[in-house]
Structure formats: C-alpha cells, structure tokens
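Engineer: Got a structure for you, questions after.
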Amino acid sequence: MRIYHGSNHIIETPIWNGSKPRNDYGPGFYATESIELAKEWACGRGNDGFANAYDFDMDGLNVLRLNEGDYNILNWLAVLAKHRTYWQNGSIAEEAKDYLEAHFGIDLSPYDVIIGYRADDSYFSFAQDFVSNVISLRKLSEAMRLGKLGEQVVLKSKAAFERIRFVSSEIAPADIYYQRKVQRDLEARRQYRFDVKAKKDTIRDLFMIDIMREGIENGDPRLR
C-alpha cells in the first residue's frame, strides 16, 4: 500500500520507537493513505511542511483494525484514554477513563500495525464530552464521522518498520493546507454543535454512566 506521513521535514528513514509516547496509540510512525490529509497534518502549526510517500508491504504482519470486526468505538476510546493525557481529573470523567481502560482496553504489544481513527483536537473534545456524560454513545459514533478525517495507519513494531520504503516527498504549502486543516476542524465542530449535540436523546441511548453502572463490556449488543 502507499502511505503518507505529514511532517515539517523530509523523512527518508523512519526511526523505530523514535516518536513521542503520548500519541493516540503510543510510540509509532503515524501515516495515512490520503496525501491530502498528510499535507494538512504537515502544516499543523501554520508552517510549510512535506508529505512523505512510502510503499508499505503489510503481508504477513499482525494488523489491528479498530474500526472493523468485533471492535467498537469504546475499544478505540480505551486505547486513546491510555495514551493521551489531557483528561479531566477528579470527576466522573476520571472514573470513566479507568473503566474504559479496564473493560475495553486492548493489549497493543502483539500488533505490528494499527489502523483506526485519528484524534485531532475536535475529535478528542467529542471523546471528552462522552466520558463526561455530555453526549450519548450514539452521538459520539455520529460525531466521529464528522469532518471526514479518515483513518490513520500506525507502524508499531520493528518488523513493520522493515517493510517501509521511502518513495518521494511533496511540499505542503501552509497557505493552502493549514487553512484546509483549520476549516476541516471548524466544520466538524459546527456539525457537532448543530447536527449532533442539538439532537434530542431518547430513553434507549447509552451514556457513559449507564455503561459503568450496568457493567457493560465487549460483546454487549447495545454497543453496536
């Protein structure tokens, strides 16, 4: 597959375990199959950047696809809760974070590659609203589709890093792609306020407090 990594510099040889541990899925090399998204991510601080292109052979690697199969959005949220640090402390949100990790957490160590949502600022704020009981599980699922942020492909193991080959890089002008990134985030937040948060919940909707009180775990049909 062809993947792209947005950065403020050209990266010909990604370094295994060379990234920050507090990214969405911990240390790893974060990429996307969309060159346009990579260019937006490259200009995240308002400066010009680069979309680095790579060929990546996943054959034979152990891949965790968080948006498919038996997994649900709470599994993704549990992984996020473990690695991201910006959560409310001393509140029901802190207890919710612990519950998610204990009952929906996934051991990432056996996996070479992880494919799942990317938690940009707007998406992370949606997740925080859920663990704080501001929105229901249904609304969180709807919110994660806003802004068309897409999925990220994360290389985790040394074996995965051995399968990646640098192809080329393209300049990402900030005057184009930073504005696109900002607009994408604003549009997701606008839709969240008016299309998701403004809708009324029903008695059947699940909130984080319901999940904790009822001891809901993976496999419960209400999570689908």
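A note on labels: chains of the structure tokens are A, B, ... as shown, every chain counts residues from 1, and ligands are counted from 1 in their shown order.
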Got a sec: who's within 12 Å of Gly60 of chain A, counting only C-alpha atoms, leaving out chain neighbours fewer than 6 positions off, as an NGL selection string?
Structural biologist: :A and (111-113 or 159-160 or 163)
Engineer: I need the residues in segment 18-164 of chain A that are strand (DSSP E or B) according to DSSP; give them as a list of chain:residue names.
Structural biologist: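 Of segment 18-164 of chain A, the ones in strand (DSSP E or B) are A:Phe29, A:Tyr30, A:Ala31, A:Thr32, A:Gly49, A:Phe50, A:Ala51, A:Asn52, A:Ala53, A:Tyr54, A:Asp55, A:Phe56, A:Val63, A:Leu64, A:Arg65, A:Val113, A:Ile114, A:Ile115, A:Gly116, A:Tyr117, A:Glu151, A:Gln152, A:Val153, A:Val154, A:Leu155, A:Ile164.
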Engineer: Which residue is closest to Leu223 of chain A? Choose from A:Arg138, A:His83, A:Lys199, A:Arg189 and count only C-alpha atoms.
Structural biologist: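 The shortest atom-to-atom distance to Leu223 of chain A comes from A:Arg138.
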Engineer: Using DSSP on the backbone coordinates, identify all residues within segment 5-120 of chain A classified as helix (DSSP H, G or I); present the result as a PDB file with N, CA and C atoms, in the first residue's frame.
Structural biologist:
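And here's part21.pdb as it stands now:
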```pdb
ATOM      1  N   ILE A  35      -2.904  11.532   0.637  1.00  0.00           N
ATOM      2  CA  ILE A  35      -1.841  12.532   0.563  1.00  0.00           C
ATOM      3  C   ILE A  35      -2.358  13.914   0.958  1.00  0.00           C
ATOM      4  N   GLU A  36      -3.632  14.178   0.700  1.00  0.00           N
ATOM      5  CA  GLU A  36      -4.198  15.474   1.059  1.00  0.00           C
ATOM      6  C   GLU A  36      -4.253  15.643   2.577  1.00  0.00           C
ATOM      7  N   LEU A  37      -4.654  14.592   3.291  1.00  0.00           N
ATOM      8  CA  LEU A  37      -4.658  14.661   4.754  1.00  0.00           C
ATOM      9  C   LEU A  37      -3.243  14.785   5.300  1.00  0.00           C
ATOM     10  N   ALA A  38      -2.307  14.074   4.698  1.00  0.00           N
ATOM     11  CA  ALA A  38      -0.915  14.158   5.142  1.00  0.00           C
ATOM     12  C   ALA A  38      -0.393  15.587   5.008  1.00  0.00           C
ATOM     13  N   LYS A  39      -0.773  16.263   3.939  1.00  0.00           N
ATOM     14  CA  LYS A  39      -0.335  17.651   3.753  1.00  0.00           C
ATOM     15  C   LYS A  39      -0.964  18.571   4.798  1.00  0.00           C
ATOM     16  N   GLU A  40      -2.212  18.299   5.163  1.00  0.00           N
ATOM     17  CA  GLU A  40      -2.836  19.091   6.223  1.00  0.00           C
ATOM     18  C   GLU A  40      -2.111  18.873   7.547  1.00  0.00           C
ATOM     19  N   TRP A  41      -1.815  17.622   7.872  1.00  0.00           N
ATOM     20  CA  TRP A  41      -1.134  17.310   9.128  1.00  0.00           C
ATOM     21  C   TRP A  41       0.282  17.902   9.134  1.00  0.00           C
ATOM     22  N   ALA A  42       0.898  18.001   7.952  1.00  0.00           N
ATOM     23  CA  ALA A  42       2.253  18.553   7.861  1.00  0.00           C
ATOM     24  C   ALA A  42       2.287  20.033   8.209  1.00  0.00           C
ATOM     25  N   ILE A  73     -16.428   1.476  19.165  1.00  0.00           N
ATOM     26  CA  ILE A  73     -15.798   2.773  19.397  1.00  0.00           C
ATOM     27  C   ILE A  73     -15.233   2.898  20.818  1.00  0.00           C
ATOM     28  N   LEU A  74     -15.750   2.101  21.749  1.00  0.00           N
ATOM     29  CA  LEU A  74     -15.223   2.149  23.111  1.00  0.00           C
ATOM     30  C   LEU A  74     -13.840   1.512  23.203  1.00  0.00           C
ATOM     31  N   ASN A  75     -13.554   0.541  22.337  1.00  0.00           N
ATOM     32  CA  ASN A  75     -12.196  -0.015  22.286  1.00  0.00           C
ATOM     33  C   ASN A  75     -11.205   1.056  21.824  1.00  0.00           C
ATOM     34  N   TRP A  76     -11.594   1.795  20.786  1.00  0.00           N
ATOM     35  CA  TRP A  76     -10.754   2.907  20.318  1.00  0.00           C
ATOM     36  C   TRP A  76     -10.558   3.936  21.439  1.00  0.00           C
ATOM     37  N   LEU A  77     -11.649   4.259  22.130  1.00  0.00           N
ATOM     38  CA  LEU A  77     -11.584   5.265  23.182  1.00  0.00           C
ATOM     39  C   LEU A  77     -10.716   4.796  24.347  1.00  0.00           C
ATOM     40  N   ALA A  78     -10.748   3.509  24.652  1.00  0.00           N
ATOM     41  CA  ALA A  78      -9.921   2.972  25.732  1.00  0.00           C
ATOM     42  C   ALA A  78      -8.441   3.081  25.399  1.00  0.00           C
ATOM     43  N   VAL A  79      -8.078   2.802  24.150  1.00  0.00           N
ATOM     44  CA  VAL A  79      -6.685   2.953  23.717  1.00  0.00           C
ATOM     45  C   VAL A  79      -6.270   4.411  23.807  1.00  0.00           C
ATOM     46  N   LEU A  80      -7.159   5.295  23.384  1.00  0.00           N
ATOM     47  CA  LEU A  80      -6.885   6.730  23.446  1.00  0.00           C
ATOM     48  C   LEU A  80      -6.708   7.190  24.889  1.00  0.00           C
ATOM     49  N   ALA A  81      -7.570   6.689  25.777  1.00  0.00           N
ATOM     50  CA  ALA A  81      -7.511   7.075  27.188  1.00  0.00           C
ATOM     51  C   ALA A  81      -6.188   6.676  27.827  1.00  0.00           C
ATOM     52  N   LYS A  82      -5.625   5.572  27.373  1.00  0.00           N
ATOM     53  CA  LYS A  82      -4.356   5.107  27.946  1.00  0.00           C
ATOM     54  C   LYS A  82      -3.188   5.988  27.542  1.00  0.00           C
ATOM     55  N   HIS A  83      -3.205   6.506  26.316  1.00  0.00           N
ATOM     56  CA  HIS A  83      -2.028   7.190  25.793  1.00  0.00           C
ATOM     57  C   HIS A  83      -2.120   8.711  25.792  1.00  0.00           C
ATOM     58  N   ILE A  92     -16.239  12.502  37.335  1.00  0.00           N
ATOM     59  CA  ILE A  92     -16.745  11.250  36.803  1.00  0.00           C
ATOM     60  C   ILE A  92     -15.964  10.853  35.560  1.00  0.00           C
ATOM     61  N   ALA A  93     -15.404  11.831  34.857  1.00  0.00           N
ATOM     62  CA  ALA A  93     -14.626  11.543  33.646  1.00  0.00           C
ATOM     63  C   ALA A  93     -13.385  10.726  33.977  1.00  0.00           C
ATOM     64  N   GLU A  94     -12.771  10.978  35.113  1.00  0.00           N
ATOM     65  CA  GLU A  94     -11.588  10.222  35.509  1.00  0.00           C
ATOM     66  C   GLU A  94     -11.958   8.773  35.808  1.00  0.00           C
ATOM     67  N   GLU A  95     -13.097   8.567  36.489  1.00  0.00           N
ATOM     68  CA  GLU A  95     -13.563   7.214  36.769  1.00  0.00           C
ATOM     69  C   GLU A  95     -13.943   6.500  35.468  1.00  0.00           C
ATOM     70  N   ALA A  96     -14.522   7.244  34.535  1.00  0.00           N
ATOM     71  CA  ALA A  96     -14.896   6.675  33.243  1.00  0.00           C
ATOM     72  C   ALA A  96     -13.661   6.243  32.467  1.00  0.00           C
ATOM     73  N   LYS A  97     -12.632   7.035  32.513  1.00  0.00           N
ATOM     74  CA  LYS A  97     -11.379   6.700  31.846  1.00  0.00           C
ATOM     75  C   LYS A  97     -10.825   5.381  32.388  1.00  0.00           C
ATOM     76  N   ASP A  98     -10.835   5.215  33.701  1.00  0.00           N
ATOM     77  CA  ASP A  98     -10.347   3.978  34.319  1.00  0.00           C
ATOM     78  C   ASP A  98     -11.208   2.782  33.907  1.00  0.00           C
ATOM     79  N   TYR A  99     -12.537   2.997  33.842  1.00  0.00           N
ATOM     80  CA  TYR A  99     -13.444   1.910  33.450  1.00  0.00           C
ATOM     81  C   TYR A  99     -13.165   1.477  32.019  1.00  0.00           C
ATOM     82  N   LEU A 100     -12.977   2.436  31.129  1.00  0.00           N
ATOM     83  CA  LEU A 100     -12.716   2.125  29.726  1.00  0.00           C
ATOM     84  C   LEU A 100     -11.435   1.304  29.582  1.00  0.00           C
ATOM     85  N   GLU A 101     -10.409   1.734  30.274  1.00  0.00           N
ATOM     86  CA  GLU A 101      -9.136   1.012  30.185  1.00  0.00           C
ATOM     87  C   GLU A 101      -9.268  -0.411  30.718  1.00  0.00           C
ATOM     88  N   ALA A 102     -10.024  -0.579  31.816  1.00  0.00           N
ATOM     89  CA  ALA A 102     -10.146  -1.894  32.451  1.00  0.00           C
ATOM     90  C   ALA A 102     -11.018  -2.850  31.657  1.00  0.00           C
ATOM     91  N   HIS A 103     -12.083  -2.353  31.022  1.00  0.00           N
ATOM     92  CA  HIS A 103     -13.067  -3.230  30.393  1.00  0.00           C
ATOM     93  C   HIS A 103     -13.035  -3.233  28.871  1.00  0.00           C
ATOM     94  N   PHE A 104     -12.410  -2.225  28.279  1.00  0.00           N
ATOM     95  CA  PHE A 104     -12.382  -2.156  26.811  1.00  0.00           C
ATOM     96  C   PHE A 104     -10.960  -1.982  26.265  1.00  0.00           C
TER      97      PHE A 104
END
```
Engineer: Between A:Ile3, A:Ile115, A:Ile209, A:Ile10, which is the closest to Ser132 of chain A once you count only C-alpha atoms?
Structural biologist: A:Ile209
Engineer: Which one of A:Phe130, A:Gln152, A:Gly28, A:Asp185 sits closest to Asp210 of chain A if you count only C-alpha atoms?
Structural biologist: A:Phe130
